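Shown next: protein-v3.cif, given as mmCIF, C-alpha atoms.
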```
data_data
#
loop_
_atom_site.label_atom_id
_atom_site.label_comp_id
_atom_site.auth_asym_id
_atom_site.auth_seq_id
_atom_site.Cartn_x
_atom_site.Cartn_y
_atom_site.Cartn_z
CA MET A 287 -15.23 -0.53 -14.55
CA LYS A 288 -18.64 0.97 -13.83
CA LEU A 289 -17.27 2.82 -10.79
CA PHE A 290 -14.27 3.96 -12.84
CA VAL A 291 -16.56 5.54 -15.45
CA GLU A 292 -19.44 6.74 -13.28
CA GLY A 293 -17.16 8.20 -10.62
CA ARG A 294 -15.62 10.63 -13.09
CA LYS A 295 -18.89 12.07 -14.38
CA ASN A 296 -19.43 14.54 -11.53
CA VAL A 297 -15.86 15.48 -10.63
CA PHE A 298 -16.14 19.15 -11.50
CA GLN A 299 -19.53 19.57 -9.80
CA GLN A 300 -17.99 17.99 -6.70
CA ILE A 301 -15.10 20.44 -6.79
CA GLN A 302 -17.53 23.37 -6.96
CA LEU A 303 -19.38 22.04 -3.91
CA LYS A 304 -16.31 21.36 -1.77
CA LEU A 305 -13.87 24.13 -2.70
CA SER A 306 -14.46 27.85 -2.66
CA VAL A 307 -13.50 29.72 -5.82
CA ARG A 308 -11.58 32.21 -3.74
CA LYS A 309 -8.75 30.50 -1.85
CA GLU A 310 -8.27 31.36 1.80
CA HIS A 311 -5.60 28.78 2.62
CA LYS A 312 -2.78 26.88 0.95
CA ARG A 313 -4.00 24.01 -1.19
CA ILE A 314 -1.94 20.84 -1.42
CA TRP A 315 -2.95 18.41 -4.13
CA ILE A 316 -1.88 14.79 -3.65
CA HIS A 317 -2.51 12.28 -6.42
CA THR A 318 -2.40 8.54 -5.77
CA ALA A 319 -3.23 5.57 -7.95
CA SER A 320 -4.97 3.43 -5.36
CA LEU A 321 -5.03 2.40 -1.72
CA GLY A 322 -1.36 1.43 -1.42
CA GLU A 323 -0.16 4.76 -2.77
CA TYR A 324 -2.62 6.60 -0.53
CA GLU A 325 -1.02 4.92 2.50
CA GLN A 326 2.38 6.12 1.24
CA ALA A 327 0.97 9.64 1.08
CA VAL A 328 -0.46 9.71 4.61
CA PRO A 329 2.83 10.51 6.43
CA ILE A 330 3.36 13.49 4.10
CA ILE A 331 -0.23 14.68 4.56
CA GLU A 332 0.21 14.50 8.33
CA GLY A 333 3.52 16.33 8.06
CA VAL A 334 1.90 19.15 6.08
CA LEU A 335 -1.00 19.48 8.51
CA ALA A 336 1.35 19.45 11.51
CA LEU A 337 3.19 22.45 10.06
CA HIS A 338 0.09 24.27 8.87
CA PRO A 339 -3.24 22.86 10.14
CA THR A 340 -5.36 25.16 7.95
CA SER A 341 -3.94 23.75 4.71
CA GLU A 342 -6.58 22.41 2.36
CA ILE A 343 -5.72 18.87 1.31
CA ILE A 344 -7.01 17.61 -2.03
CA VAL A 345 -6.62 13.88 -2.64
CA SER A 346 -7.27 12.37 -6.08
CA PHE A 347 -7.41 8.71 -7.04
CA PHE A 348 -7.08 6.89 -10.33
CA SER A 349 -8.56 3.60 -9.11
CA PRO A 350 -12.01 2.91 -7.62
CA SER A 351 -10.41 0.44 -5.18
CA GLY A 352 -8.62 3.36 -3.56
CA TYR A 353 -11.34 5.98 -3.88
CA GLU A 354 -14.20 3.84 -2.57
CA ILE A 355 -12.30 2.90 0.58
CA LYS A 356 -10.80 6.33 1.31
CA LYS A 357 -13.37 8.78 -0.08
CA ASN A 358 -14.24 9.78 3.50
CA ASN A 359 -10.67 9.98 4.78
CA PRO A 360 -10.17 12.42 7.70
CA TYR A 361 -7.52 14.59 6.06
CA ALA A 362 -8.91 15.91 2.80
CA LYS A 363 -11.25 18.80 2.16
CA LEU A 364 -11.85 17.17 -1.21
CA THR A 365 -11.35 13.54 -2.26
CA THR A 366 -12.06 12.86 -5.90
CA TYR A 367 -11.30 10.79 -8.96
CA LEU A 368 -8.72 12.26 -11.31
CA PRO A 369 -10.27 12.90 -14.74
CA LEU A 370 -8.54 11.08 -17.57
CA ASP A 371 -5.26 12.60 -18.74
CA THR A 372 -6.31 14.80 -21.65
CA LYS A 373 -5.16 18.38 -22.23
CA THR A 374 -8.70 19.67 -21.69
CA ASN A 375 -9.24 17.74 -18.47
CA ALA A 376 -5.84 18.65 -17.08
CA LYS A 377 -6.33 22.36 -17.70
CA LYS A 378 -9.87 22.38 -16.33
CA PHE A 379 -9.02 20.32 -13.24
CA ILE A 380 -5.99 22.38 -12.23
CA GLU A 381 -7.86 25.64 -12.79
CA ALA A 382 -10.68 24.30 -10.61
CA ILE A 383 -8.61 23.13 -7.63
CA GLN A 384 -5.93 25.89 -7.79
CA PRO A 385 -3.14 23.93 -6.07
CA ASP A 386 -0.15 25.66 -4.49
CA ILE A 387 1.85 22.45 -4.72
CA ALA A 388 1.26 19.04 -6.30
CA LEU A 389 2.53 15.74 -4.91
CA PHE A 390 2.37 12.58 -7.05
CA ILE A 391 3.03 9.22 -5.40
CA LYS A 392 5.28 6.41 -6.70
CA TYR A 393 4.35 5.66 -10.35
CA GLU A 394 1.87 8.45 -11.07
CA ILE A 395 3.21 10.16 -14.19
CA TRP A 396 0.50 11.97 -16.17
CA PRO A 397 2.03 14.03 -19.03
CA ASN A 398 -0.83 16.48 -19.62
CA TYR A 399 -1.29 17.26 -15.94
CA LEU A 400 2.45 17.69 -15.49
CA GLU A 401 2.63 20.00 -18.48
CA GLN A 402 -0.14 22.21 -17.09
CA LEU A 403 1.47 22.32 -13.65
CA LYS A 404 4.82 23.30 -15.16
CA LYS A 405 3.22 26.06 -17.26
CA ARG A 406 1.72 27.53 -14.10
CA LYS A 407 5.03 27.18 -12.22
CA ILE A 408 3.37 25.09 -9.52
CA PRO A 409 6.00 23.08 -7.57
CA THR A 410 5.42 19.41 -8.37
CA TYR A 411 7.04 16.40 -6.72
CA LEU A 412 7.14 12.67 -7.31
CA ILE A 413 7.44 10.88 -3.95
CA SER A 414 8.62 7.34 -3.11
CA ALA A 415 9.26 6.60 -6.77
CA ASN A 416 10.83 3.34 -7.87
CA PHE A 417 12.29 2.72 -11.33
CA ARG A 418 13.56 -0.35 -13.17
CA LYS A 419 15.44 -0.60 -16.48
CA ASN A 420 12.67 -2.62 -18.12
CA GLN A 421 9.88 -0.16 -17.32
CA PHE A 422 7.75 1.14 -20.19
CA LEU A 423 8.97 4.73 -19.89
CA PHE A 424 12.55 3.65 -20.65
CA ASN A 425 11.79 2.00 -23.99
CA PRO A 426 11.25 3.90 -27.28
CA LEU A 427 7.44 3.66 -27.11
CA GLY A 428 7.43 5.20 -23.64
CA GLY A 429 9.45 8.26 -24.59
CA PHE A 430 6.57 10.65 -23.91
CA MET A 431 6.34 9.30 -20.35
CA PHE A 432 10.07 9.71 -19.84
CA GLU A 433 9.90 13.31 -21.07
CA ALA A 434 7.16 13.96 -18.52
CA LEU A 435 9.63 13.20 -15.73
CA LYS A 436 11.42 16.42 -16.62
CA SER A 437 8.35 18.40 -15.54
CA PHE A 438 8.73 17.48 -11.88
CA THR A 439 10.40 20.02 -9.65
CA HIS A 440 12.08 17.13 -7.84
CA ILE A 441 11.84 13.36 -7.75
CA PHE A 442 12.28 11.43 -4.49
CA VAL A 443 13.24 7.81 -5.13
CA GLN A 444 13.31 4.83 -2.81
CA HIS A 445 16.72 3.38 -3.68
CA GLN A 446 20.16 4.19 -5.06
CA ASP A 447 19.44 1.98 -8.10
CA SER A 448 16.61 4.31 -9.14
CA LEU A 449 18.81 7.35 -8.58
CA HIS A 450 21.61 6.01 -10.77
CA LEU A 451 19.17 4.89 -13.47
CA LEU A 452 17.60 8.35 -13.76
CA LYS A 453 20.93 10.16 -13.67
CA ASP A 454 22.29 7.88 -16.38
CA LYS A 455 19.29 8.94 -18.47
CA GLY A 456 19.95 12.64 -17.89
CA ILE A 457 17.46 13.25 -15.06
CA HIS A 458 19.36 15.05 -12.28
CA HIS A 459 16.63 16.68 -10.16
CA VAL A 460 16.42 13.50 -8.07
CA SER A 461 17.47 12.31 -4.61
CA VAL A 462 17.07 9.23 -2.43
CA SER A 463 14.50 9.73 0.32
CA GLY A 464 13.53 6.13 1.03
CA ASP A 465 9.96 4.88 1.07
CA THR A 466 7.29 6.64 3.15
CA ARG A 467 5.56 3.29 3.63
CA PHE A 468 8.08 2.52 6.38
CA ASP A 469 6.97 5.61 8.29
CA ARG A 470 3.34 4.71 7.68
CA VAL A 471 3.49 1.10 8.85
CA TYR A 472 5.56 2.03 11.89
CA GLN A 473 2.73 4.30 13.01
CA GLN A 474 0.61 1.17 13.49
CA LEU A 475 2.58 0.39 16.64
CA GLN A 476 1.33 3.61 18.21
CA MET A 477 -2.29 2.68 17.50
CA GLN A 478 -4.70 0.55 19.51
CA ASN A 479 -4.35 -2.88 17.91
CA LYS A 480 -6.40 -4.98 20.31
CA LEU A 481 -9.13 -7.14 18.76
CA ALA A 482 -11.12 -9.13 21.31
CA PHE A 483 -12.34 -11.69 18.79
CA ALA A 484 -8.75 -12.40 17.65
CA GLU A 485 -7.65 -12.99 21.24
CA GLU A 486 -10.54 -15.35 21.84
CA PHE A 487 -9.78 -17.22 18.62
CA LYS A 488 -6.03 -17.55 19.17
CA GLN A 489 -6.04 -18.54 22.84
CA GLN A 490 -2.50 -19.69 23.70
CA LYS A 491 -1.81 -21.41 20.39
CA LEU A 492 0.54 -20.37 17.62
CA CYS A 493 -1.28 -18.42 14.91
CA MET A 494 -0.47 -17.84 11.25
CA VAL A 495 -2.09 -14.74 9.75
CA CYS A 496 -2.51 -15.00 5.99
CA GLY A 497 -3.15 -11.57 4.51
CA SER A 498 -4.44 -10.45 1.11
CA THR A 499 -4.60 -13.97 -0.28
CA TRP A 500 -5.64 -14.98 -3.78
CA PRO A 501 -6.72 -18.47 -4.94
CA GLU A 502 -3.13 -19.30 -5.91
CA ASP A 503 -2.00 -18.53 -2.37
CA GLU A 504 -4.78 -20.59 -0.87
CA THR A 505 -3.75 -23.57 -3.01
CA LEU A 506 -0.43 -23.44 -1.14
CA LEU A 507 -2.06 -22.89 2.23
CA LEU A 508 -4.78 -25.57 2.21
CA GLU A 509 -2.40 -28.51 2.52
CA LEU A 510 -0.54 -26.73 5.32
CA ILE A 511 -3.78 -26.09 7.21
CA HIS A 512 -4.96 -29.68 6.92
CA LYS A 513 -1.60 -31.13 8.01
CA ASN A 514 -1.22 -28.85 11.05
CA PRO A 515 -4.37 -29.03 13.19
CA GLU A 516 -2.45 -27.66 16.18
CA LEU A 517 -1.90 -24.34 14.36
CA LYS A 518 -4.49 -21.57 14.19
CA PHE A 519 -4.98 -19.72 10.90
CA ILE A 520 -6.51 -16.31 10.22
CA ILE A 521 -7.13 -15.80 6.51
CA ALA A 522 -7.94 -12.35 5.12
CA PRO A 523 -8.59 -12.78 1.37
CA HIS A 524 -7.89 -9.85 -0.92
CA GLU A 525 -11.40 -10.13 -2.34
CA VAL A 526 -14.29 -10.66 0.07
CA GLU A 527 -17.31 -11.13 -2.19
CA LYS A 528 -19.58 -14.02 -1.11
CA LYS A 529 -18.73 -16.11 -4.18
CA ARG A 530 -15.03 -15.73 -3.46
CA ILE A 531 -15.40 -16.65 0.22
CA HIS A 532 -17.57 -19.65 -0.66
CA SER A 533 -14.93 -20.88 -3.09
CA LEU A 534 -12.43 -20.89 -0.20
CA THR A 535 -14.63 -22.46 2.46
CA GLU A 536 -15.80 -25.35 0.31
CA LYS A 537 -12.17 -26.49 0.04
CA LEU A 538 -11.55 -26.47 3.79
CA LYS A 539 -11.65 -29.85 5.54
CA THR A 540 -11.39 -28.47 9.03
CA SER A 541 -13.41 -26.32 11.42
CA TYR A 542 -13.72 -22.68 10.39
CA ILE A 543 -15.76 -19.56 11.08
CA LEU A 544 -16.37 -16.35 9.14
CA HIS A 545 -15.84 -13.01 10.82
CA SER A 546 -19.36 -12.04 9.76
CA GLN A 547 -20.76 -15.00 11.73
CA LEU A 548 -18.92 -14.52 15.02
CA GLN A 549 -22.16 -14.34 16.99
CA LYS A 550 -23.37 -17.69 15.72
CA SER A 551 -20.65 -20.00 16.95
CA SER A 552 -17.78 -20.35 19.40
CA LEU A 553 -14.38 -19.17 18.20
CA ARG A 554 -12.26 -21.28 20.50
CA ASP A 555 -12.76 -24.65 18.86
CA LYS A 556 -12.21 -23.42 15.29
CA GLN A 557 -8.91 -23.85 13.47
CA VAL A 558 -9.53 -21.23 10.78
CA LEU A 559 -10.98 -17.73 11.02
CA ILE A 560 -11.82 -16.14 7.68
CA ILE A 561 -12.06 -12.34 7.56
CA ASP A 562 -14.83 -11.64 5.05
CA ASN A 563 -14.64 -7.85 5.30
CA ILE A 564 -11.94 -5.18 4.94
CA GLY A 565 -10.03 -2.89 7.26
CA LEU A 566 -8.80 -5.32 9.94
CA LEU A 567 -5.64 -6.82 8.47
CA SER A 568 -3.14 -4.29 9.82
CA LYS A 569 -4.36 -4.99 13.37
CA LEU A 570 -4.57 -8.75 12.86
CA TYR A 571 -0.84 -8.96 12.21
CA ALA A 572 -0.39 -8.08 15.89
CA TYR A 573 -1.69 -11.60 16.63
CA ALA A 574 0.58 -13.39 14.17
CA ASP A 575 3.41 -15.69 15.17
CA ILE A 576 3.99 -16.27 11.46
CA ALA A 577 2.65 -14.22 8.54
CA TYR A 578 1.89 -15.26 4.99
CA VAL A 579 1.37 -12.37 2.56
CA GLY A 580 -0.47 -13.06 -0.68
CA GLY A 581 -0.07 -12.04 -4.28
CA ALA A 582 3.27 -13.65 -5.16
CA ALA A 583 2.02 -17.22 -5.60
CA GLY A 584 0.37 -15.99 -8.81
CA ASN A 585 0.88 -12.90 -10.93
CA THR A 586 -1.45 -10.43 -9.22
CA GLY A 587 1.41 -8.67 -7.41
CA LEU A 588 2.79 -9.06 -3.92
CA HIS A 589 0.82 -7.25 -1.22
CA ASN A 590 2.13 -5.28 1.75
CA ILE A 591 4.89 -7.22 3.52
CA LEU A 592 5.91 -4.22 5.63
CA GLU A 593 2.80 -4.40 7.82
CA PRO A 594 3.66 -7.78 9.38
CA ALA A 595 7.35 -6.84 9.51
CA THR A 596 6.42 -3.90 11.75
CA PHE A 597 5.09 -6.34 14.34
CA GLY A 598 8.31 -8.36 14.28
CA VAL A 599 6.87 -11.39 12.52
CA PRO A 600 8.56 -13.96 10.23
CA ILE A 601 7.08 -13.58 6.74
CA ILE A 602 6.40 -16.11 3.99
CA ILE A 603 5.44 -15.28 0.39
CA GLY A 604 5.16 -16.98 -3.00
CA GLU A 605 7.89 -17.05 -5.63
CA ASN A 606 6.89 -14.15 -7.95
CA HIS A 607 8.39 -11.12 -6.25
CA LYS A 608 10.96 -9.78 -8.71
CA LYS A 609 9.24 -6.41 -9.01
CA PHE A 610 9.20 -5.91 -5.23
CA PRO A 611 12.70 -4.96 -4.02
CA GLU A 612 11.65 -4.92 -0.36
CA ALA A 613 11.06 -8.69 -0.61
CA ASP A 614 14.64 -9.30 -1.73
CA LEU A 615 15.90 -7.01 1.01
CA LEU A 616 13.92 -8.88 3.66
CA ILE A 617 15.24 -12.19 2.33
CA LYS A 618 18.79 -10.85 2.69
CA GLU A 619 17.94 -9.77 6.25
CA LYS A 620 16.82 -13.36 7.00
CA ALA A 621 13.33 -12.13 7.81
CA LEU A 622 11.34 -13.46 4.85
CA PHE A 623 11.04 -16.77 3.01
CA SER A 624 9.84 -17.31 -0.55
CA VAL A 625 8.23 -20.68 -1.31
CA THR A 626 7.46 -22.39 -4.60
CA ASP A 627 5.08 -25.16 -3.59
CA PRO A 628 3.11 -26.65 -0.65
CA GLN A 629 6.04 -28.84 0.41
CA ALA A 630 8.40 -25.86 0.66
CA LEU A 631 5.78 -24.00 2.67
CA GLN A 632 5.33 -26.95 5.01
CA THR A 633 9.10 -27.20 5.54
CA ILE A 634 9.65 -23.59 6.57
CA VAL A 635 6.53 -23.43 8.73
CA LYS A 636 7.60 -26.60 10.55
CA LYS A 637 11.00 -25.02 11.20
CA LEU A 638 9.40 -21.83 12.53
CA VAL A 639 6.98 -23.75 14.73
CA MET A 640 9.47 -26.24 16.18
CA ASP A 641 12.40 -23.87 16.66
CA THR A 642 11.18 -21.05 18.91
CA GLU A 643 14.53 -19.25 18.95
CA PHE A 644 14.69 -19.29 15.14
CA ARG A 645 11.14 -17.90 14.91
CA ILE A 646 11.83 -15.11 17.40
CA ASP A 647 15.13 -14.14 15.79
CA THR A 648 13.53 -14.07 12.33
CA GLY A 649 10.82 -11.76 13.66
CA LYS A 650 13.41 -9.46 15.20
CA ASN A 651 15.10 -9.21 11.82
CA SER A 652 11.78 -8.05 10.34
CA PHE A 653 11.36 -5.31 12.90
CA ARG A 654 14.96 -4.10 12.56
CA PHE A 655 14.43 -3.79 8.82
CA ILE A 656 11.48 -1.43 9.41
CA GLU A 657 13.33 0.62 12.00
CA LYS A 658 16.43 1.23 9.90
CA ASN A 659 14.44 2.25 6.82
CA ARG A 660 12.25 4.88 8.48
CA GLY A 661 12.81 8.56 7.80
CA ALA A 662 11.54 9.21 4.27
CA LYS A 663 8.86 11.51 5.64
CA SER A 664 11.35 13.89 7.26
CA ARG A 665 13.58 13.93 4.16
CA VAL A 666 10.66 14.82 1.90
CA MET A 667 9.22 17.39 4.30
CA MET A 668 12.59 19.13 4.59
CA GLU A 669 12.49 19.81 0.86
CA ILE A 670 8.83 20.64 0.26
CA LYS A 671 7.98 22.72 3.35
CA GLU A 672 9.78 25.75 1.97
CA LYS A 673 7.74 25.50 -1.24
CA ILE A 674 4.47 25.30 0.68
CA PHE A 675 5.06 27.82 3.44
#
```

As structure tokens, the full file:
Amino acid sequence: MKLFVEGRKNVFQQIQLKLSVRKEHKRIWIHTASLGEYEQAVPIIEGVLALHPTSEIIVSFFSPSGYEIKKNNPYAKLTTYLPLDTKTNAKKFIEAIQPDIALFIKYEIWPNYLEQLKKRKIPTYLISANFRKNQFLFNPLGGFMFEALKSFTHIFVQHQDSLHLLKDKGIHHVSVSGDTRFDRVYQQLQMQNKLAFAEEFKQQKLCMVCGSTWPEDETLLLELIHKNPELKFIIAPHEVEKKRIHSLTEKLKTSYILHSQLQKSSLRDKQVLIIDNIGLLSKLYAYADIAYVGGAAGNTGLHNILEPATFGVPIIIGENHKKFPEADLLIKEKALFSVTDPQALQTIVKKLVMDTEFRIDTGKNSFRFIEKNRGAKSRVMMEIKEKIF
């Protein structure tokens, strides 16, 4: 909360320092809520810069968890918090950054900013949006949010369900592009994913990578770990504060090592490796034979299941995934399993461990799902490039 408040105090001074008053190049403003939405924006940012390398990219965040991690990203001339959505802030911010086009990602609908952009006839797009009938903007109290949708030049949605929902409500400037996350995660395969410490830890054993876990997820996992000493486990908790890590380690009844202590002990004889820092998870999935993705054992929200799918890995999650359509799609593709309790988790892991062909085929289903859903980037770029250039 402190970062949320303090970070917004110097926004306009920061703009003055980073952006010249007199524009020399096209300015593309991209607003994201947090880290996940930023990752969805990256393929579009790269597409813009590929077409016109001198474009000035402005990235704004709502959440400190996104801003603090990506405030030094390599793309943007300016990365900033978005001031709260008041008429005064919206007018002042847009006048300060002078965007030629505005791109909002997924759920970012800010009525005052959208009104100001529309008044100035600045092309404005909502990208990789996803709508459900029970969302706030479709009930009477959310009418002002629904009206704001009409300010977008065009809305790109992930699925046909969202398209039909909006059209039934009278919103017709909409098309299905797919989700740019598929393009983003697929890029990971072109990167250098080797981690020497992970290779040393895994050796020739089967390894389960557990990403973005919360305490509810670890309650499921602990029994599995203790009953399967032949399996290696890499756990990357969503929160890595010392208190949080200590809470996890004191429950472990097996050998473990923290990533921050790699120099103090041998990796080979440990069953569990705990990643107590951030930024490694997307590479760690390259070492997974099975992946567990956190967030759905409780109510915090399912984390990124597309990252392990990209590496062709069978995926396991908790039971609370109704708001995440990609989970249902992966279940239908026989690539993902949802479990309700430790016994269910033990059963599916045993099947994946004992039946090599089943494990490999399940992983192939994951990868095929990523491959066939790529392409949102090109569909979006086809539409917006004419507005930019």

(request) Evaluate the PyMOL selection byres ((chain A and resi 597) around 7) and record the selected residues as a PyMOL selection string, following the chain and residue labels used in the document. (result) chain A and resi 571-572+594-596+598-599+653

(message) So that I can see what lies close to A:Glu509, please list as a PyMOL selection string the residues with an atom at most 10 Å from it, counting all atoms listed in the file and leaving out residues fewer than 2 positions away in the same chain.
(response) chain A and resi 504-507+511-514+538-539+628-629+631-632

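Residues in contact range of A:Met431, defined as at most 7 Å between all atoms listed in the file, with sequence neighbours fewer than 5 positions away removed, read A:Ile395, A:Pro397, A:Leu423.
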
(request) Excluding A:Ala574 and residues on its chain fewer than 2 positions from it, collect all residues at most 12 Å away from it, counting all atoms listed in the file, and give them as a ChimeraX atom specification. (result) /A:484-485,487-488,490-497,517-521,567-572,576-579,593-601,645-646,649

(request) Using only C-alpha atoms, determine which residues lie at most 12 Å from A:Tyr361, disregarding the query and same-chain residues fewer than 6 positions distant; provide the list as a VMD selection string. (result) chain A and resid 314 to 316 324 327 to 336 339 to 345

(message) For the PyMOL selection byres ((chain A and resi 411) around 12), applied here, can you spell out every residue it catches as an MDAnalysis selection string?
(response) chainID A and resid 314:317 327 330 386:395 400 403:404 408:410 412:415 435:443 459:461 666:667 669:671 673:674

(request) Kindly indicate which residue among A:Leu449, A:Ile656, A:Ala362, A:Ala522 lies nearest to A:Leu566, using only C-alpha atoms for the distances. (result)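 Using only C-alpha atoms, A:Leu566 sits closest to A:Ala522.
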
(message) Give me the residues near stretch 662-665 of chain A as a ChimeraX atom specification, where near means some atom within 7 Å (using all atoms listed in the file) and where sequence neighbours in that chain fewer than 5 positions away do not count.
(response) /A:329-330,463-466,469

(request) Using all atoms listed in the file, pick whichever of A:Glu292, A:Glu502, A:Glu310, A:Asp575 has the shortest atom-to-atom distance to A:Pro369. (result) A:Glu292

(message) Measuring between all atoms listed in the file, which one of A:Thr642, A:Gln444, A:Gln557, A:Asn606 shows the shortest distance to A:Gln326?
(response)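 Closest to A:Gln326, using all atoms listed in the file: A:Gln444.
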